[in-house]
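Enquirer: I'm passing along query.pdb; it holds PDB, C-alpha atoms, pLDDT in the B column.
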ATOM      1  CA  MET A   1       0.000   0.000   0.000  1.00 56.00           C
ATOM      2  CA  PRO A   2       1.468   3.370  -0.945  1.00 59.00           C
ATOM      3  CA  SER A   3       2.324   5.484   2.055  1.00 68.00           C
ATOM      4  CA  ASP A   4       3.179   8.896   0.686  1.00 87.00           C
ATOM      5  CA  ALA A   5       0.633  11.537  -0.319  1.00 89.00           C
ATOM      6  CA  ARG A   6       1.962  11.971  -3.843  1.00 90.00           C
ATOM      7  CA  THR A   7       1.518   8.281  -4.672  1.00 91.00           C
ATOM      8  CA  LEU A   8      -1.981   8.180  -3.179  1.00 92.00           C
ATOM      9  CA  LEU A   9      -3.045  11.237  -5.193  1.00 93.00           C
ATOM     10  CA  ARG A  10      -1.454   9.846  -8.359  1.00 94.00           C
ATOM     11  CA  VAL A  11      -3.275   6.519  -8.028  1.00 94.00           C
ATOM     12  CA  GLY A  12      -6.587   8.175  -7.126  1.00 94.00           C
ATOM     13  CA  TYR A  13      -6.505  10.807  -9.853  1.00 94.00           C
ATOM     14  CA  GLY A  14      -5.296   8.167 -12.296  1.00 95.00           C
ATOM     15  CA  LEU A  15      -7.756   5.349 -11.674  1.00 95.00           C
ATOM     16  CA  VAL A  16     -10.970   7.308 -11.088  1.00 94.00           C
ATOM     17  CA  PRO A  17     -10.930   9.045 -14.515  1.00 94.00           C
ATOM     18  CA  ILE A  18     -10.215   5.689 -16.168  1.00 96.00           C
ATOM     19  CA  VAL A  19     -13.205   4.065 -14.438  1.00 96.00           C
ATOM     20  CA  ALA A  20     -15.490   7.065 -15.073  1.00 94.00           C
ATOM     21  CA  GLY A  21     -14.332   7.239 -18.697  1.00 95.00           C
ATOM     22  CA  ALA A  22     -15.044   3.552 -19.253  1.00 96.00           C
ATOM     23  CA  ASP A  23     -18.482   3.999 -17.694  1.00 96.00           C
ATOM     24  CA  LYS A  24     -19.358   6.593 -20.345  1.00 94.00           C
ATOM     25  CA  PHE A  25     -19.774   3.574 -22.652  1.00 95.00           C
ATOM     26  CA  THR A  26     -21.937   1.503 -20.290  1.00 94.00           C
ATOM     27  CA  ASN A  27     -23.753   3.999 -18.012  1.00 92.00           C
ATOM     28  CA  LEU A  28     -23.586   1.507 -15.136  1.00 94.00           C
ATOM     29  CA  LEU A  29     -22.545   4.099 -12.539  1.00 92.00           C
ATOM     30  CA  ALA A  30     -24.640   7.016 -13.803  1.00 91.00           C
ATOM     31  CA  ASP A  31     -26.670   8.320 -16.714  1.00 91.00           C
ATOM     32  CA  TRP A  32     -23.950  10.728 -17.818  1.00 89.00           C
ATOM     33  CA  GLU A  33     -26.024  12.515 -20.474  1.00 87.00           C
ATOM     34  CA  LYS A  34     -28.279  14.120 -17.865  1.00 86.00           C
ATOM     35  CA  TYR A  35     -25.300  16.167 -16.650  1.00 82.00           C
ATOM     36  CA  LEU A  36     -24.817  17.924 -20.002  1.00 81.00           C
ATOM     37  CA  SER A  37     -25.735  21.589 -20.126  1.00 76.00           C
ATOM     38  CA  PRO A  38     -28.033  22.777 -22.929  1.00 76.00           C
ATOM     39  CA  GLU A  39     -25.094  24.670 -24.481  1.00 72.00           C
ATOM     40  CA  VAL A  40     -23.150  21.422 -24.890  1.00 67.00           C
ATOM     41  CA  GLU A  41     -26.198  19.582 -26.239  1.00 64.00           C
ATOM     42  CA  ARG A  42     -26.347  22.017 -29.192  1.00 72.00           C
ATOM     43  CA  ARG A  43     -23.151  20.502 -30.635  1.00 75.00           C
ATOM     44  CA  PRO A  44     -23.295  18.633 -33.958  1.00 84.00           C
ATOM     45  CA  VAL A  45     -23.110  15.233 -32.213  1.00 83.00           C
ATOM     46  CA  ASP A  46     -25.784  13.750 -29.971  1.00 85.00           C
ATOM     47  CA  GLY A  47     -25.287  13.536 -26.198  1.00 83.00           C
ATOM     48  CA  ARG A  48     -24.423   9.819 -26.187  1.00 88.00           C
ATOM     49  CA  THR A  49     -21.678  10.220 -28.801  1.00 89.00           C
ATOM     50  CA  PHE A  50     -20.352  13.290 -27.031  1.00 88.00           C
ATOM     51  CA  MET A  51     -20.141  11.410 -23.724  1.00 90.00           C
ATOM     52  CA  ARG A  52     -18.297   8.530 -25.385  1.00 93.00           C
ATOM     53  CA  LEU A  53     -15.726  10.998 -26.723  1.00 92.00           C
ATOM     54  CA  VAL A  54     -15.478  12.447 -23.224  1.00 91.00           C
ATOM     55  CA  GLY A  55     -14.944   8.912 -21.924  1.00 94.00           C
ATOM     56  CA  LEU A  56     -12.014   8.371 -24.255  1.00 96.00           C
ATOM     57  CA  LEU A  57     -10.456  11.650 -23.137  1.00 94.00           C
ATOM     58  CA  GLU A  58     -10.947  10.751 -19.474  1.00 94.00           C
ATOM     59  CA  ILE A  59      -9.285   7.379 -19.936  1.00 96.00           C
ATOM     60  CA  ALA A  60      -6.331   9.068 -21.646  1.00 96.00           C
ATOM     61  CA  ALA A  61      -6.135  11.694 -18.880  1.00 95.00           C
ATOM     62  CA  GLY A  62      -6.124   8.999 -16.185  1.00 95.00           C
ATOM     63  CA  MET A  63      -3.337   7.127 -17.928  1.00 96.00           C
ATOM     64  CA  LEU A  64      -1.358  10.352 -18.220  1.00 96.00           C
ATOM     65  CA  VAL A  65      -1.713  10.961 -14.469  1.00 95.00           C
ATOM     66  CA  LEU A  66      -0.387   7.473 -13.746  1.00 95.00           C
ATOM     67  CA  ARG A  67       2.609   7.912 -16.054  1.00 95.00           C
ATOM     68  CA  ARG A  68       3.374  11.631 -15.672  1.00 94.00           C
ATOM     69  CA  PRO A  69       1.618  13.006 -12.570  1.00 94.00           C
ATOM     70  CA  ARG A  70       2.738  16.590 -13.103  1.00 94.00           C
ATOM     71  CA  ALA A  71       1.327  16.950 -16.616  1.00 95.00           C
ATOM     72  CA  GLY A  72      -1.640  14.693 -15.880  1.00 95.00           C
ATOM     73  CA  GLY A  73      -2.494  16.644 -12.741  1.00 95.00           C
ATOM     74  CA  VAL A  74      -2.661  19.875 -14.738  1.00 96.00           C
ATOM     75  CA  LEU A  75      -4.867  18.249 -17.383  1.00 95.00           C
ATOM     76  CA  VAL A  76      -7.226  16.607 -14.871  1.00 95.00           C
ATOM     77  CA  SER A  77      -7.440  19.810 -12.847  1.00 96.00           C
ATOM     78  CA  GLY A  78      -8.530  21.756 -15.917  1.00 96.00           C
ATOM     79  CA  TRP A  79     -10.889  18.978 -16.935  1.00 92.00           C
ATOM     80  CA  LEU A  80     -12.572  18.915 -13.524  1.00 94.00           C
ATOM     81  CA  ALA A  81     -12.867  22.711 -13.538  1.00 96.00           C
ATOM     82  CA  ALA A  82     -14.564  22.502 -16.959  1.00 92.00           C
ATOM     83  CA  ILE A  83     -16.962  19.843 -15.657  1.00 90.00           C
ATOM     84  CA  ALA A  84     -17.776  22.057 -12.657  1.00 94.00           C
ATOM     85  CA  GLY A  85     -18.404  24.981 -15.019  1.00 92.00           C
ATOM     86  CA  ASN A  86     -20.681  22.838 -17.189  1.00 87.00           C
ATOM     87  CA  LEU A  87     -22.682  21.797 -14.133  1.00 89.00           C
ATOM     88  CA  VAL A  88     -23.017  25.399 -12.984  1.00 92.00           C
ATOM     89  CA  LEU A  89     -24.372  26.272 -16.442  1.00 87.00           C
ATOM     90  CA  THR A  90     -27.099  23.642 -16.066  1.00 85.00           C
ATOM     91  CA  GLY A  91     -28.293  25.355 -12.891  1.00 87.00           C
ATOM     92  CA  LYS A  92     -28.640  21.884 -11.362  1.00 87.00           C
ATOM     93  CA  TYR A  93     -26.238  19.538  -9.610  1.00 90.00           C
ATOM     94  CA  LEU A  94     -24.469  22.406  -7.856  1.00 94.00           C
ATOM     95  CA  ASP A  95     -23.342  20.023  -5.115  1.00 95.00           C
ATOM     96  CA  ILE A  96     -21.513  17.933  -7.700  1.00 93.00           C
ATOM     97  CA  ALA A  97     -20.080  21.110  -9.226  1.00 94.00           C
ATOM     98  CA  ALA A  98     -18.688  22.112  -5.817  1.00 96.00           C
ATOM     99  CA  ARG A  99     -17.195  18.639  -5.329  1.00 95.00           C
ATOM    100  CA  ASP A 100     -15.577  18.683  -8.778  1.00 95.00           C
ATOM    101  CA  ALA A 101     -14.176  22.166  -8.145  1.00 96.00           C
ATOM    102  CA  LEU A 102     -12.534  20.888  -4.967  1.00 96.00           C
ATOM    103  CA  LEU A 103     -11.233  17.813  -6.799  1.00 95.00           C
ATOM    104  CA  ALA A 104      -9.726  20.184  -9.372  1.00 96.00           C
ATOM    105  CA  VAL A 105      -7.808  21.890  -6.560  1.00 96.00           C
ATOM    106  CA  GLY A 106      -6.507  18.495  -5.408  1.00 95.00           C
ATOM    107  CA  ALA A 107      -5.363  17.602  -8.926  1.00 95.00           C
ATOM    108  CA  ALA A 108      -3.596  20.968  -9.163  1.00 96.00           C
ATOM    109  CA  ALA A 109      -1.873  20.205  -5.850  1.00 95.00           C
ATOM    110  CA  LEU A 110      -0.688  16.879  -7.288  1.00 94.00           C
ATOM    111  CA  ALA A 111       0.753  18.716 -10.280  1.00 94.00           C
ATOM    112  CA  MET A 112       2.675  21.067  -7.968  1.00 94.00           C
ATOM    113  CA  MET A 113       4.149  18.353  -5.736  1.00 91.00           C
ATOM    114  CA  PRO A 114       7.857  17.725  -6.181  1.00 88.00           C
ATOM    115  CA  GLU A 115       8.851  14.673  -8.191  1.00 77.00           C
ATOM    116  CA  ARG A 116      10.933  13.101  -5.462  1.00 68.00           C
ATOM    117  CA  ARG A 117      11.488  13.761  -1.810  1.00 58.00           C
ATOM    118  CA  ALA A 118      14.299  16.179  -1.117  1.00 52.00           C
ATOM    119  CA  THR A 119      16.891  13.800   0.259  1.00 53.00           C
ATOM    120  CA  GLN A 120      20.594  14.254   0.348  1.00 51.00           C
ATOM    121  CA  ASP A 121      22.609  12.257  -2.101  1.00 55.00           C
ATOM    122  CA  LEU A 122      24.667  10.256   0.353  1.00 56.00           C
ATOM    123  CA  SER A 123      27.102   9.154  -2.328  1.00 62.00           C
ATOM    124  CA  ARG A 124      28.469  12.709  -2.541  1.00 68.00           C
ATOM    125  CA  ILE A 125      29.223  12.982   1.177  1.00 66.00           C
ATOM    126  CA  PRO A 126      32.717  11.653   1.847  1.00 67.00           C
ATOM    127  CA  GLU A 127      32.863   8.803   4.274  1.00 69.00           C
ATOM    128  CA  ARG A 128      34.425   9.717   7.617  1.00 67.00           C
ATOM    129  CA  ARG A 129      37.218   7.460   8.666  1.00 66.00           C
ATOM    130  CA  MET A 130      39.175   7.394  11.860  1.00 63.00           C
ATOM    131  CA  ARG A 131      42.798   7.943  11.232  1.00 61.00           C
ATOM    132  CA  MET A 132      44.855   5.241  12.830  1.00 63.00           C
ATOM    133  CA  ASP A 133      48.062   6.605  14.250  1.00 59.00           C
ATOM    134  CA  PRO A 134      51.052   4.295  14.235  1.00 64.00           C
ATOM    135  CA  VAL A 135      52.357   3.576  17.702  1.00 66.00           C
ATOM    136  CA  GLY A 136      54.746   6.177  18.982  1.00 63.00           C
ATOM    137  CA  THR A 137      54.002   9.022  16.569  1.00 68.00           C
ATOM    138  CA  ILE A 138      51.723  10.932  18.952  1.00 64.00           C
ATOM    139  CA  PRO A 139      53.591  12.519  21.854  1.00 64.00           C
ATOM    140  CA  ARG A 140      52.760  11.016  25.248  1.00 63.00           C
ATOM    141  CA  SER A 141      51.651  14.404  26.564  1.00 67.00           C
ATOM    142  CA  VAL A 142      48.604  14.269  24.249  1.00 60.00           C
ATOM    143  CA  HIS A 143      47.390  10.863  25.537  1.00 54.00           C
TER     144      HIS A 143
END
Please go through the file and, once you have read it, give me the structure as structure tokens.
Expert:
Amino acid sequence: MPSDARTLLRVGYGLVPIVAGADKFTNLLADWEKYLSPEVERRPVDGRTFMRLVGLLEIAAGMLVLRRPRAGGVLVSGWLAAIAGNLVLTGKYLDIAARDALLAVGAAALAMMPERRATQDLSRIPERRMRMDPVGTIPRSVH
């Protein structure tokens, strides 16, 4: 089980978009089309086709988070902010919009986290060794 925050965020923000994206094809978790705002529904494709395209993008975004958390975090953060904006435009589901806005902040935090922990490179620090003094070279007054 991962123990550091960066790994937990990377796995969470990687796997959840993949699962949600795959569900855009099956609608087992939710009827995703009901969350579309009327402005989005005026596009040249129907809502079902649009949500399938969204699903493909979400799967790709999740995979990007798993492979490159910095870039993926930026993408997922923007994506979640856009989803929150879409929900605000519907005038409904404002609770989900607030949740997605907060998730966007978390994804942005993942993108800003350092790649590795700041640890010293121990190979650059010279090893300390005790100097062995041959018998009789140190004056007796020092002993």
Enquirer: Identify all residues satisfying the PyMOL selection byres ((chain A and resi 50-53) around 10) in the given file; provide them as a ChimeraX atom specification.
Expert: /A:21-26,32-33,35-36,40-41,43-49,54-58
Enquirer: Rounded to one decimal place, report the CA of Gly73 (chain A)-CA of Gly106 (chain A) distance in Å.
Expert: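 Calculated distance between CA of Gly73 (chain A) and CA of Gly106 (chain A) is 8.6 Å.
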Enquirer: CA of Ile59 (chain A) and CA of Gly91 (chain A) are how many Å apart?
Expert: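 We find that CA of Ile59 (chain A) and CA of Gly91 (chain A) lie 27.1 Å from each other.
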Enquirer: Restricting the calculation to only C-alpha atoms, which member of A:Ala71, A:Lys92, A:Gly85, A:Leu28 is positioned closest to Ala107 (chain A)?
Expert: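 Closest residue, counting only C-alpha atoms: A:Ala71.
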Enquirer: Find the spatial neighbours of Tyr13 (chain A), counting all atoms listed in the file, within a cut-off of 10 Å - ignore same-chain residues fewer than 5 positions away - and output them as a list in words.
Expert: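 Non-adjacent residues within range: Thr7, Leu8, Ile18, Ala61, Gly62, Met63, Leu64, Val65, Leu66, Pro69, Gly72, Gly73, Val76, Ser77, Leu103, Ala104, Gly106, Ala107 and Leu110 of chain A.
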Enquirer: How many Å lie between CA of Glu115 (chain A) and CA of Arg70 (chain A), rounded to one decimal?
Expert: 8.1 Å
Enquirer: Name every residue that the PyMOL selection byres ((chain A and resi 97) around 12) selects in this structure, writing the answer as a list of chain:residue names with chains first and numbers rising.
Expert: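 Residues picked by the PyMOL selection byres ((chain A and resi 97) around 12): A:Tyr35, A:Leu80, A:Ala81, A:Ala82, A:Ile83, A:Ala84, A:Gly85, A:Asn86, A:Leu87, A:Val88, A:Leu89, A:Thr90, A:Gly91, A:Lys92, A:Tyr93, A:Leu94, A:Asp95, A:Ile96, A:Ala98, A:Arg99, A:Asp100, A:Ala101, A:Leu102, A:Leu103, A:Ala104.
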